[in-house]
file coords-v2.txt (compact mmCIF, C-alpha atoms)
# COMPACT_ATOMS: atom_id res chain seq x y z
CA MET Q 253 36.65 -21.61 2.85
CA THR Q 254 35.60 -18.02 3.53
CA ILE Q 255 35.86 -15.12 1.09
CA GLN Q 256 38.65 -13.61 3.23
CA ASN Q 257 40.68 -16.87 3.06
CA ILE Q 258 40.28 -17.00 -0.71
CA ARG Q 259 41.56 -13.44 -1.06
CA LYS Q 260 44.53 -14.04 1.33
CA LYS Q 261 45.55 -17.22 -0.46
CA ALA Q 262 45.47 -15.43 -3.81
CA GLN Q 263 47.58 -12.57 -2.45
CA ASP Q 264 50.16 -14.97 -0.90
CA SER Q 265 50.40 -16.93 -4.14
CA PHE Q 266 50.94 -13.72 -6.06
CA LYS Q 267 53.82 -12.63 -3.77
CA GLU Q 268 55.49 -16.04 -4.06
CA PHE Q 269 55.17 -15.91 -7.81
CA LEU Q 270 56.87 -12.50 -7.97
CA ASN Q 271 59.76 -13.67 -5.78
CA ASN Q 272 60.43 -16.69 -8.00
CA PHE Q 273 60.07 -14.85 -11.29
CA LYS Q 274 61.85 -11.52 -11.20
CA ALA Q 275 62.19 -11.24 -14.92
CA ILE Q 276 58.63 -11.31 -16.13
CA SER Q 277 57.16 -9.83 -19.27
CA CYS Q 278 54.80 -6.87 -19.36
CA TYR Q 279 52.11 -9.09 -20.88
CA MET Q 280 52.42 -11.61 -18.07
CA LYS Q 281 52.11 -8.86 -15.48
CA LYS Q 282 48.90 -7.68 -17.10
CA ALA Q 283 47.59 -11.25 -17.09
CA ILE Q 284 48.30 -11.60 -13.39
CA ILE Q 285 46.55 -8.31 -12.60
CA ILE Q 286 43.53 -9.38 -14.61
CA GLY Q 287 43.48 -12.68 -12.70
CA ILE Q 288 43.44 -10.88 -9.37
CA LEU Q 289 40.60 -8.65 -10.58
CA LEU Q 290 38.65 -11.73 -11.65
CA ILE Q 291 39.14 -13.31 -8.21
CA SER Q 292 37.92 -10.09 -6.58
CA ALA Q 293 34.87 -9.98 -8.85
CA LEU Q 294 34.12 -13.64 -8.08
CA SER Q 295 34.30 -12.87 -4.38
CA SER Q 296 31.76 -10.05 -4.82
CA VAL Q 297 29.42 -12.40 -6.67
CA ILE Q 298 29.68 -14.97 -3.84
CA VAL Q 299 28.97 -12.29 -1.20
CA THR Q 300 25.95 -11.03 -3.17
CA ALA Q 301 24.64 -14.59 -3.54
CA GLN Q 302 25.07 -15.18 0.18
CA ARG Q 303 23.05 -12.04 0.92
CA ARG Q 304 20.29 -13.11 -1.45
CA ILE Q 305 20.12 -16.56 0.11
CA SER Q 306 19.96 -14.98 3.57
CA THR Q 307 17.15 -12.64 2.49
CA LYS Q 308 15.22 -15.51 0.90
CA THR Q 309 15.50 -17.50 4.12
CA ILE Q 310 13.98 -14.61 6.06
CA LEU Q 311 11.18 -14.10 3.54
CA ASN Q 312 10.21 -17.76 3.50
CA LYS Q 313 9.82 -17.96 7.28
CA PRO Q 314 7.22 -20.66 8.07
CA ALA Q 315 3.77 -19.39 8.89
CA GLY Q 316 2.85 -19.34 12.56
CA LYS Q 317 -0.82 -20.05 11.88
CA LYS Q 318 -2.34 -23.10 10.29
CA GLN Q 319 -3.24 -22.62 6.66
CA ASP Q 320 -6.86 -23.58 7.40
CA SER Q 321 -7.30 -20.81 9.98
CA VAL Q 322 -9.67 -18.06 8.89
CA LEU Q 323 -10.59 -14.65 10.24
CA VAL Q 324 -14.11 -14.30 11.60
CA LEU Q 325 -16.06 -11.49 13.22
CA LYS Q 326 -15.48 -11.24 16.96
CA SER Q 327 -17.23 -7.95 17.76
CA ALA Q 328 -18.86 -5.06 15.94
CA HIS Q 329 -19.56 -1.54 17.12
CA THR Q 330 -23.27 -0.75 17.05
CA GLY Q 331 -23.83 1.67 14.20
CA PRO Q 332 -21.17 3.91 12.65
CA VAL Q 333 -18.41 5.44 14.76
CA ILE Q 334 -18.50 8.54 12.53
CA ASN Q 335 -21.80 9.41 10.87
CA ALA Q 336 -23.44 12.44 9.26
CA THR Q 337 -24.26 14.03 12.63
CA HIS Q 338 -20.77 13.78 14.13
CA PRO Q 339 -19.83 17.30 15.33
CA ASP Q 340 -16.62 17.39 13.31
CA VAL Q 341 -18.43 16.21 10.18
CA VAL Q 342 -20.93 19.01 10.57
CA ALA Q 343 -18.25 21.59 11.40
CA SER Q 344 -16.16 20.62 8.36
CA ASN Q 345 -19.22 20.71 6.09
CA ASN Q 346 -18.70 17.14 4.90
CA LYS Q 347 -21.85 16.38 2.92
CA SER Q 348 -21.24 12.90 1.50
CA GLY Q 349 -18.91 11.11 3.92
CA PHE Q 350 -15.68 9.12 3.57
CA GLU Q 351 -13.96 6.74 1.17
CA THR Q 352 -10.52 5.05 1.16
CA GLY Q 353 -7.49 5.86 3.24
CA GLN Q 354 -5.42 4.15 5.93
CA VAL Q 355 -5.48 3.87 9.72
CA ILE Q 356 -2.27 3.12 11.62
CA LYS Q 357 -1.60 2.77 15.34
CA VAL Q 358 1.33 4.61 16.96
CA ASN Q 359 1.90 4.71 20.74
CA ASP Q 360 -1.66 3.58 21.53
CA VAL Q 361 -3.19 6.24 19.27
CA TYR Q 362 -5.07 5.45 16.06
CA HIS Q 363 -4.22 7.85 13.23
CA MET Q 364 -6.65 7.96 10.29
CA PHE Q 365 -5.82 9.55 6.95
CA VAL Q 366 -9.04 9.46 4.97
CA ASN Q 367 -10.74 11.04 1.98
CA GLU Q 368 -13.64 13.31 2.82
CA MET Q 369 -16.24 13.61 0.07
CA PHE Q 370 -17.23 17.11 1.11
CA GLY Q 371 -19.52 17.67 -1.91
CA ARG Q 372 -20.56 15.14 -4.52
CA PRO Q 373 -19.70 11.55 -3.55
CA HIS Q 374 -16.54 10.27 -5.27
CA ARG Q 375 -16.07 13.64 -7.00
CA ASP Q 376 -15.34 16.44 -4.52
CA LEU Q 377 -12.59 15.28 -2.20
CA ARG Q 378 -9.94 16.35 0.28
CA ILE Q 379 -7.58 14.35 2.50
CA ALA Q 380 -8.22 14.73 6.23
CA TYR Q 381 -6.46 13.59 9.41
CA TRP Q 382 -8.38 12.18 12.41
CA THR Q 383 -7.20 10.59 15.68
CA SER Q 384 -8.68 8.29 18.35
CA ARG Q 385 -7.49 6.34 21.40
CA ASP Q 386 -10.03 3.53 20.99
CA ALA Q 387 -10.94 3.59 17.25
CA ILE Q 388 -14.47 4.53 18.33
CA ASN Q 389 -14.35 8.13 19.51
CA TRP Q 390 -12.73 10.16 16.74
CA GLN Q 391 -11.66 13.79 16.48
CA ARG Q 392 -10.85 15.61 13.27
CA GLN Q 393 -7.47 17.33 13.45
CA SER Q 394 -6.81 18.95 10.07
CA THR Q 395 -7.04 18.93 6.30
CA ILE Q 396 -3.83 17.47 4.86
CA VAL Q 397 -4.32 17.87 1.07
CA GLU Q 398 -6.94 19.81 -0.90
CA SER Q 399 -8.03 19.02 -4.42
CA ILE Q 400 -8.14 21.76 -7.04
CA PRO Q 401 -11.79 22.67 -7.77
CA GLY Q 402 -13.05 22.15 -11.29
CA ARG Q 403 -13.11 18.77 -12.99
CA THR Q 404 -11.53 19.28 -16.40
CA PRO Q 405 -9.08 17.31 -18.56
CA ALA Q 406 -6.53 20.08 -17.90
CA ASN Q 407 -6.80 19.79 -14.10
CA PRO Q 408 -4.60 16.84 -12.95
CA ARG Q 409 -5.67 17.23 -9.29
CA SER Q 410 -9.43 17.46 -9.59
CA GLU Q 411 -9.59 14.49 -7.18
CA VAL Q 412 -7.13 13.40 -4.49
CA TRP Q 413 -7.36 9.93 -2.91
CA VAL Q 414 -5.04 8.97 -0.04
CA ASN Q 415 -3.86 5.33 -0.14
CA GLY Q 416 -0.83 4.81 2.10
CA VAL Q 417 0.84 6.15 5.24
CA VAL Q 418 4.40 4.98 6.02
CA PHE Q 419 7.29 6.16 8.21
CA ASN Q 420 10.43 6.51 6.07
CA GLN Q 421 13.54 5.71 8.12
CA ASP Q 422 15.82 7.11 5.40
CA GLU Q 423 14.22 10.54 5.71
CA ASN Q 424 13.22 10.29 9.39
CA ALA Q 425 9.80 11.45 8.24
CA TRP Q 426 6.30 10.22 7.50
CA ASN Q 427 5.29 9.72 3.87
CA ILE Q 428 1.76 9.72 2.53
CA PHE Q 429 0.91 8.45 -0.94
CA TYR Q 430 -2.17 9.67 -2.76
CA THR Q 431 -3.70 9.41 -6.23
CA ALA Q 432 -4.55 12.53 -8.23
CA TYR Q 433 -6.80 12.34 -11.30
CA ARG Q 434 -7.96 14.47 -14.20
CA SER Q 435 -11.40 14.10 -15.75
CA GLY Q 436 -12.07 12.61 -19.15
CA ASP Q 437 -11.65 14.58 -22.38
CA SER Q 438 -14.80 14.14 -24.47
CA THR Q 439 -13.03 15.52 -27.56
CA LYS Q 440 -10.76 12.46 -27.43
CA GLY Q 441 -13.56 9.94 -26.90
CA GLU Q 442 -13.14 9.79 -23.12
CA ILE Q 443 -16.00 9.84 -20.60
CA GLN Q 444 -16.03 13.31 -19.11
CA ALA Q 445 -17.40 12.25 -15.70
CA ASN Q 446 -14.77 9.53 -15.16
CA ASP Q 447 -11.25 9.55 -13.71
CA TYR Q 448 -8.22 9.33 -15.98
CA ALA Q 449 -4.41 9.21 -15.82
CA GLY Q 450 -3.95 8.60 -12.11
CA ARG Q 451 -0.64 9.82 -10.73
CA ILE Q 452 0.74 8.69 -7.38
CA TRP Q 453 2.07 11.61 -5.35
CA ARG Q 454 4.46 11.19 -2.43
CA ALA Q 455 4.29 13.83 0.30
CA LYS Q 456 6.64 14.08 3.29
CA SER Q 457 6.00 15.38 6.80
CA VAL Q 458 7.71 18.71 7.39
CA ILE Q 459 8.39 18.00 11.08
CA PRO Q 460 11.03 15.24 11.42
CA GLY Q 461 10.59 12.10 13.52
CA THR Q 462 7.53 10.06 14.39
CA GLU Q 463 5.95 13.08 16.10
CA GLY Q 464 5.57 14.68 12.68
CA ILE Q 465 2.70 12.40 11.70
CA ALA Q 466 0.12 15.18 12.12
CA GLY Q 467 1.80 17.18 9.35
CA PRO Q 468 2.00 19.51 7.59
CA TYR Q 469 3.04 17.53 4.51
CA ALA Q 470 4.95 18.80 1.48
CA ASP Q 471 4.63 17.24 -1.97
CA MET Q 472 7.89 15.61 -3.04
CA ASP Q 473 7.34 13.88 -6.37
CA VAL Q 474 5.22 11.56 -8.50
CA VAL Q 475 6.40 7.98 -7.92
CA LEU Q 476 4.22 6.12 -10.45
CA GLN Q 477 2.12 7.27 -13.40
CA PRO Q 478 1.11 6.26 -16.94
CA ASP Q 479 4.25 6.06 -19.07
CA GLU Q 480 6.13 3.87 -21.54
CA ASN Q 481 6.27 1.12 -18.89
CA SER Q 482 2.49 0.94 -18.41
CA GLN Q 483 1.02 -2.54 -18.80
CA PRO Q 484 -2.10 -3.30 -20.91
CA TRP Q 485 -4.22 -4.40 -17.94
CA GLU Q 486 -3.80 -1.01 -16.22
CA GLY Q 487 -6.28 0.75 -18.50
CA ASP Q 488 -6.95 4.47 -18.71
CA GLN Q 489 -7.78 5.11 -15.03
CA ALA Q 490 -4.48 3.80 -13.66
CA ILE Q 491 -2.59 4.42 -11.62
CA ALA Q 492 -5.38 3.87 -9.09
CA SER Q 493 -4.42 3.32 -5.44
CA PHE Q 494 -0.91 2.75 -4.04
CA ASN Q 495 -0.05 1.15 -0.70
CA PRO Q 496 3.66 0.53 0.12
CA TYR Q 497 4.98 -2.03 2.61
CA LEU Q 498 8.45 -3.40 3.42
CA VAL Q 499 9.66 -6.98 2.79
CA GLY Q 500 13.24 -7.52 3.90
CA ASN Q 501 15.13 -4.63 2.33
CA THR Q 502 12.72 -4.12 -0.56
CA TRP Q 503 9.58 -1.99 -0.73
CA TYR Q 504 6.51 -3.30 -2.53
CA ALA Q 505 3.20 -1.62 -3.29
CA MET Q 506 -0.20 -2.74 -4.51
CA TYR Q 507 -1.65 -0.58 -7.27
CA ASP Q 508 -4.92 -0.80 -9.20
CA GLY Q 509 -5.99 -0.43 -12.79
CA HIS Q 510 -9.25 -0.08 -14.72
CA ASN Q 511 -10.36 0.71 -18.26
CA HIS Q 512 -13.48 2.81 -18.91
CA ARG Q 513 -13.99 2.23 -22.63
CA PRO Q 514 -14.28 -0.64 -23.31
CA ILE Q 515 -15.07 -1.28 -19.67
CA THR Q 516 -12.93 -3.91 -17.96
CA GLY Q 517 -12.50 -5.28 -14.45
CA TRP Q 518 -10.50 -3.80 -11.59
CA PRO Q 519 -7.23 -5.75 -11.53
CA THR Q 520 -4.37 -5.17 -9.06
CA GLY Q 521 -0.65 -5.36 -9.69
CA MET Q 522 2.54 -4.81 -7.70
CA ALA Q 523 5.48 -2.41 -7.94
CA TYR Q 524 8.79 -2.45 -6.09
CA ALA Q 525 11.63 -0.12 -5.07
CA ASN Q 526 14.88 -0.25 -3.10
CA LYS Q 527 13.89 2.96 -1.29
CA LEU Q 528 10.47 4.21 -0.27
CA SER Q 529 11.15 7.44 -2.16
CA GLY Q 530 11.81 5.41 -5.32
CA PRO Q 531 12.45 4.97 -8.13
CA TRP Q 532 9.51 2.55 -8.34
CA HIS Q 533 9.26 -0.18 -10.97
CA ARG Q 534 6.37 -2.40 -12.01
CA MET Q 535 6.61 -6.14 -11.47
CA PRO Q 536 6.78 -7.88 -14.88
CA LEU Q 537 3.74 -8.62 -16.97
CA GLY Q 538 2.71 -12.17 -16.20
CA PHE Q 539 3.30 -11.64 -12.52
CA ASN Q 540 1.00 -8.62 -12.86
CA PRO Q 541 -1.91 -8.56 -12.37
CA ILE Q 542 -1.97 -10.75 -9.28
CA PRO Q 543 -4.53 -13.63 -9.22
CA VAL Q 544 -6.10 -12.92 -5.83
CA VAL Q 545 -9.74 -12.41 -6.83
CA ASP Q 546 -11.98 -13.64 -9.62
CA HIS Q 547 -14.10 -10.50 -9.94
CA PHE Q 548 -13.13 -7.37 -8.04
CA MET Q 549 -10.64 -5.93 -5.57
CA GLU Q 550 -9.65 -2.35 -4.92
CA ASN Q 551 -7.72 -0.16 -2.46
CA ALA Q 552 -5.66 -2.88 -0.78
CA ILE Q 553 -3.98 -2.23 2.59
CA VAL Q 554 -1.03 -4.48 3.53
CA SER Q 555 0.49 -5.04 6.97
CA ARG Q 556 2.83 -7.60 8.51
CA LEU Q 557 1.55 -10.10 11.06
CA LYS Q 558 3.37 -10.93 14.29
CA ASP Q 559 4.01 -14.48 13.02
CA GLY Q 560 5.96 -13.09 10.04
CA ARG Q 561 3.28 -13.44 7.38
CA TYR Q 562 1.49 -10.57 5.62
CA ILE Q 563 -2.21 -9.72 5.46
CA MET Q 564 -3.92 -7.67 2.76
CA VAL Q 565 -7.45 -6.32 3.24
CA PHE Q 566 -9.42 -4.72 0.41
CA ASP Q 567 -12.77 -3.66 -0.98
CA SER Q 568 -14.57 -6.65 -2.48
CA TYR Q 569 -18.01 -7.82 -3.58
CA GLY Q 570 -20.71 -9.08 -1.22
CA ASP Q 571 -23.32 -7.89 1.29
CA HIS Q 572 -21.55 -6.39 4.31
CA GLU Q 573 -18.30 -8.11 3.36
CA ILE Q 574 -14.65 -7.21 2.86
CA GLY Q 575 -11.92 -9.35 1.32
CA TYR Q 576 -8.55 -10.41 2.64
CA SER Q 577 -5.56 -12.43 1.46
CA ILE Q 578 -2.56 -13.95 3.27
CA SER Q 579 1.04 -14.19 2.04
CA ASN Q 580 3.97 -16.05 3.59
CA ASP Q 581 6.58 -13.90 1.84
CA GLY Q 582 4.77 -10.61 1.08
CA ILE Q 583 5.10 -11.25 -2.65
CA ASN Q 584 2.97 -14.29 -3.52
CA TRP Q 585 -0.62 -13.97 -2.31
CA GLY Q 586 -3.35 -16.52 -1.64
CA LYS Q 587 -6.85 -16.42 -3.06
CA GLU Q 588 -9.37 -14.03 -1.57
CA THR Q 589 -11.38 -14.91 1.54
CA ARG Q 590 -14.47 -12.79 2.23
CA ILE Q 591 -15.69 -12.01 5.70
CA LYS Q 592 -18.92 -10.46 6.96
CA ILE Q 593 -18.18 -7.56 9.29
CA PHE Q 594 -21.74 -6.84 10.51
CA THR Q 595 -23.86 -8.68 13.05
CA LYS Q 596 -27.34 -9.74 11.96
CA GLU Q 597 -28.78 -7.54 14.72
CA ASP Q 598 -27.10 -4.37 13.43
CA GLU Q 599 -26.82 -4.30 9.66
CA TRP Q 600 -26.77 -0.52 9.53
CA ALA Q 601 -25.25 -0.23 6.04
CA GLU Q 602 -27.24 -0.82 2.88
CA LYS Q 603 -27.10 -4.30 1.35
CA GLY Q 604 -25.41 -4.90 -1.98
CA ASP Q 605 -22.03 -4.82 -3.68
CA HIS Q 606 -20.03 -1.65 -2.94
CA TYR Q 607 -22.26 -0.39 -0.12
CA THR Q 608 -19.94 -1.88 2.46
CA ARG Q 609 -16.91 -0.27 0.92
CA THR Q 610 -13.27 -0.11 1.93
CA PRO Q 611 -11.34 -1.42 4.95
CA LEU Q 612 -8.78 1.15 6.10
CA CYS Q 613 -6.75 -1.24 8.22
CA ALA Q 614 -6.42 -4.64 9.87
CA ILE Q 615 -4.40 -3.77 12.98
CA GLU Q 616 -3.21 -6.76 14.99
CA GLU Q 617 -3.67 -5.92 18.66
CA GLU Q 618 -1.78 -7.24 21.68
CA ASP Q 619 -4.53 -9.78 22.47
CA GLY Q 620 -4.34 -11.29 18.97
CA THR Q 621 -7.53 -9.69 17.66
CA PHE Q 622 -7.67 -7.35 14.68
CA THR Q 623 -9.13 -3.85 14.64
CA VAL Q 624 -10.79 -3.05 11.32
CA VAL Q 625 -11.98 0.45 10.49
CA TYR Q 626 -13.97 0.70 7.26
CA THR Q 627 -16.32 2.83 5.17
CA ALA Q 628 -19.92 1.90 4.40
CA MET Q 629 -22.94 3.68 2.93
CA TYR Q 630 -26.28 4.18 4.68
CA LEU Q 631 -29.38 6.26 3.94
CA LYS Q 632 -30.46 9.16 6.12
CA ASN Q 633 -33.58 11.04 5.04
CA GLU Q 634 -33.18 9.39 1.63
CA GLN Q 635 -29.67 10.86 1.34
CA ARG Q 636 -26.58 8.69 0.96
CA PHE Q 637 -23.77 9.11 3.47
CA TYR Q 638 -20.60 7.04 3.53
CA ALA Q 639 -19.87 6.58 7.22
CA ILE Q 640 -16.98 5.08 9.21
CA GLY Q 641 -17.54 1.76 11.00
CA LYS Q 642 -15.44 -0.39 13.30
CA CYS Q 643 -15.27 -4.10 14.11
CA GLY Q 644 -12.96 -6.71 15.62
CA LEU Q 645 -11.79 -9.96 14.00
CA HIS Q 646 -9.98 -13.03 15.31
CA TRP Q 647 -8.59 -16.33 14.02
CA LYS Q 648 -10.75 -19.43 13.97
CA ASN Q 649 -9.50 -22.92 13.02

call {"tool": "encode", "arguments": {"input": "coords-v2.txt", "output": "structure tokens"}}
result
Amino acid sequence: MTIQNIRKKAQDSFKEFLNNFKAISCYMKKAIIIGILLISALSSVIVTAQRRISTKTILNKPAGKKQDSVLVLKSAHTGPVINATHPDVVASNNKSGFETGQVIKVNDVYHMFVNEMFGRPHRDLRIAYWTSRDAINWQRQSTIVESIPGRTPANPRSEVWVNGVVFNQDENAWNIFYTAYRSGDSTKGEIQANDYAGRIWRAKSVIPGTEGIAGPYADMDVVLQPDENSQPWEGDQAIASFNPYLVGNTWYAMYDGHNHRPITGWPTGMAYANKLSGPWHRMPLGFNPIPVVDHFMENAIVSRLKDGRYIMVFDSYGDHEIGYSISNDGINWGKETRIKIFTKEDEWAEKGDHYTRTPLCAIEEEDGTFTVVYTAMYLKNEQRFYAIGKCGLHWKN
């Protein structure tokens, strides 16, 4: 019996009851009204349950790929696609290179929002916007967000790190999410050179529609920061990194934590929201942090696969390797798989953990391959430069 039939039957019964009992007490009338309200409330509960069951069915869609399929290297561009001698790197006076960000593809154009380490590596940063039609030949378009010079405990934007780029249907505008840090306060026992109290800023494109991706962007609000809801594993650097993605009607985001003193690992947790603009809430302790890696993961980027599953790529340990994880529902993630993204003939980045750094995307192309753009460090005249590389991946059984 449908909800509508239940309601109609209740209403008909009520009318019949009134016709048969004209002389009815005030108390009885109140009881009848309460009964109708209870039936209405029960109907709402049934409708809500039906919606939840429907959403769960969508989220648990069977995977289109075999569980034993793995991603392997299909092709790799020879050398970096953006290095220290790139004309736009020179023109923008970028001394140390790039680290973290996200690349998305819109209308056959690759859009890269990336941190430029214009001075000291991992210290002097700004967020820049680049574009390419092939993910190989890149042009710098603009600076999106500047940090505030001067690393002090009183400067909450001494570093800015872009983590996510998403189109918000509710606002008809692009949103970027970036982390802003202050430096440590030595008078409070903190390490002055390290990052503390990360806050996740949401900025919105001023020009409406998808064509507004190039900006400019206006800061809207802080969506996640250290507060009374912080979890012990987050440490004193959190919130570090934030990458939102949509599952059904709910937004989720990966976010990182780390403690400087005593030093801990680099765990990752999840937050959720009904709207991209928030409010955002942490997943409960016990679910957080997620058990994807045994040692290290950072700066995760999540996207949905054509078969309905989700893929997460992230910075991991290993020579010339990145990590990835697969989820059937976008919430529960499998253990890390590492993949080498260099050919033996062209290992242009330095060997060692954290020299091949952060994947900025895993874009599933029309032919079933994946475009991965990443950062990696190499030496030029004994100077470190964190360049941009590009490779292609594909599934192998």

call {"tool": "closest_residue", "arguments": {"input": "coords-v2.txt", "among": "Q:Asn584, Q:Gln477, Q:Ser577, Q:Thr352", "to": "Pro531 of chain Q", "atoms": "only C-alpha atoms"}}
result
Q:Gln477

call {"tool": "atom_distance", "arguments": {"input": "coords-v2.txt", "atom1": "atom CA of Asn495 of chain Q", "atom2": "atom CA of His547 of chain Q"}}
result
20.5 Å

call {"tool": "closest_residue", "arguments": {"input": "coords-v2.txt", "among": "Q:Ile400, Q:Met364, Q:Ile465, Q:Ala614", "to": "Ala552 of chain Q", "atoms": "all atoms listed in the file"}}
result
Q:Ala614

call {"tool": "residues_around", "arguments": {"input": "coords-v2.txt", "residues": "Tyr430 of chain Q", "least_positions_apart": "5", "cutoff": "10 Å", "atoms": "only C-alpha atoms", "output": "ChimeraX atom specification"}}
result
/Q:353,367,379,397,411-417,450-455,474,492-495

call {"tool": "residues_near_point", "arguments": {"input": "coords-v2.txt", "point": "(-12.0, -2.0, -3.0)", "cutoff": "7 Å", "atoms": "only C-alpha atoms", "output": "PyMOL selection string"}}
result
chain Q and resi 549-552+566-568+609-610

call {"tool": "residues_near_point", "arguments": {"input": "coords-v2.txt", "point": "(9.8, -0.4, 1.2)", "cutoff": "7 Å", "atoms": "all atoms listed in the file", "output": "list in words"}}
result
Pro496, Tyr497, Leu498, Val499, Asn501, Thr502, Trp503, Tyr504, Ala525, Asn526, Lys527 and Leu528 of chain Q

call {"tool": "residues_around", "arguments": {"input": "coords-v2.txt", "residues": "Phe594 of chain Q", "least_positions_apart": "6", "cutoff": "9 Å", "atoms": "all atoms listed in the file", "output": "ChimeraX atom specification"}}
result
/Q:325,327-329,572-573,600-601,643

call {"tool": "atom_distance", "arguments": {"input": "coords-v2.txt", "atom1": "atom CA of Tyr433 of chain Q", "atom2": "atom CA of Ile583 of chain Q"}}
result
27.8 Å

call {"tool": "closest_residue", "arguments": {"input": "coords-v2.txt", "among": "Q:Ile615, Q:Glu423, Q:Glu368, Q:Asn580", "to": "Ile356 of chain Q", "atoms": "all atoms listed in the file"}}
result
Q:Ile615

call {"tool": "atom_distance", "arguments": {"input": "coords-v2.txt", "atom1": "atom CA of Asn427 of chain Q", "atom2": "atom CA of Lys456 of chain Q"}}
result
4.6 Å

call {"tool": "closest_atom_pairs", "arguments": {"input": "coords-v2.txt", "of": "segment 421-465 of chain Q", "to": "segment 487-491 of chain Q", "cutoff": "10 Å", "atoms": "all atoms listed in the file", "output": "JSON lines"}}
result
{"residue": "Q:Thr431", "atom": "CA", "partner": "Q:Ile491", "partner_atom": "CA", "distance": 7.4}
{"residue": "Q:Ala432", "atom": "CA", "partner": "Q:Ile491", "partner_atom": "CA", "distance": 9.0}
{"residue": "Q:Tyr433", "atom": "CA", "partner": "Q:Gln489", "partner_atom": "CA", "distance": 8.2}
{"residue": "Q:Arg434", "atom": "CA", "partner": "Q:Gln489", "partner_atom": "CA", "distance": 9.4}
{"residue": "Q:Ser435", "atom": "CA", "partner": "Q:Gln489", "partner_atom": "CA", "distance": 9.7}
{"residue": "Q:Gly436", "atom": "CA", "partner": "Q:Gln489", "partner_atom": "CA", "distance": 9.6}
{"residue": "Q:Glu442", "atom": "CA", "partner": "Q:Asp488", "partner_atom": "CA", "distance": 9.3}
{"residue": "Q:Asn446", "atom": "CA", "partner": "Q:Gln489", "partner_atom": "CA", "distance": 8.3}
{"residue": "Q:Asp447", "atom": "CA", "partner": "Q:Gln489", "partner_atom": "CA", "distance": 5.8}
{"residue": "Q:Tyr448", "atom": "CA", "partner": "Q:Gln489", "partner_atom": "CA", "distance": 4.3}
{"residue": "Q:Ala449", "atom": "CA", "partner": "Q:Gln489", "partner_atom": "CA", "distance": 5.4}
{"residue": "Q:Gly450", "atom": "CA", "partner": "Q:Ile491", "partner_atom": "CA", "distance": 4.4}
{"residue": "Q:Arg451", "atom": "CA", "partner": "Q:Ile491", "partner_atom": "CA", "distance": 5.8}
{"residue": "Q:Ile452", "atom": "CA", "partner": "Q:Ile491", "partner_atom": "CA", "distance": 6.9}

call {"tool": "decode", "arguments": {"input": "coords-v2.txt", "residues": "segment 472-481 of chain Q", "atoms": "N, CA, C and O atoms", "output": "compact mmCIF listing (two decimals), in the first residue's frame"}}
result
# COMPACT_ATOMS: atom_id res chain seq x y z
N MET Q 472 35.09 33.32 0.52
CA MET Q 472 33.77 33.24 1.10
C MET Q 472 33.81 33.00 2.61
O MET Q 472 33.26 33.75 3.40
N ASP Q 473 34.48 31.92 3.01
CA ASP Q 473 34.48 31.55 4.42
C ASP Q 473 35.49 30.46 4.68
O ASP Q 473 36.08 29.89 3.76
N VAL Q 474 35.70 30.16 5.95
CA VAL Q 474 36.51 29.03 6.39
C VAL Q 474 35.57 27.87 6.66
O VAL Q 474 34.64 27.99 7.47
N VAL Q 475 35.77 26.74 5.98
CA VAL Q 475 34.83 25.62 6.09
C VAL Q 475 35.27 24.57 7.11
O VAL Q 475 34.44 23.79 7.59
N LEU Q 476 36.56 24.52 7.44
CA LEU Q 476 37.04 23.55 8.44
C LEU Q 476 38.31 24.10 9.05
O LEU Q 476 39.19 24.61 8.34
N GLN Q 477 38.43 23.97 10.37
CA GLN Q 477 39.59 24.49 11.09
C GLN Q 477 39.68 23.82 12.45
O GLN Q 477 38.75 23.12 12.87
N PRO Q 478 40.79 24.00 13.17
CA PRO Q 478 40.87 23.45 14.53
C PRO Q 478 39.80 24.07 15.41
O PRO Q 478 39.64 25.29 15.44
N ASP Q 479 39.05 23.23 16.11
CA ASP Q 479 38.00 23.73 17.00
C ASP Q 479 37.66 22.65 18.03
O ASP Q 479 38.41 21.66 18.18
N GLU Q 480 36.53 22.82 18.72
CA GLU Q 480 36.15 21.86 19.76
C GLU Q 480 35.83 20.49 19.21
O GLU Q 480 35.76 19.51 19.96
N ASN Q 481 35.65 20.37 17.88
CA ASN Q 481 35.36 19.09 17.25
C ASN Q 481 36.60 18.41 16.68
O ASN Q 481 36.48 17.33 16.08
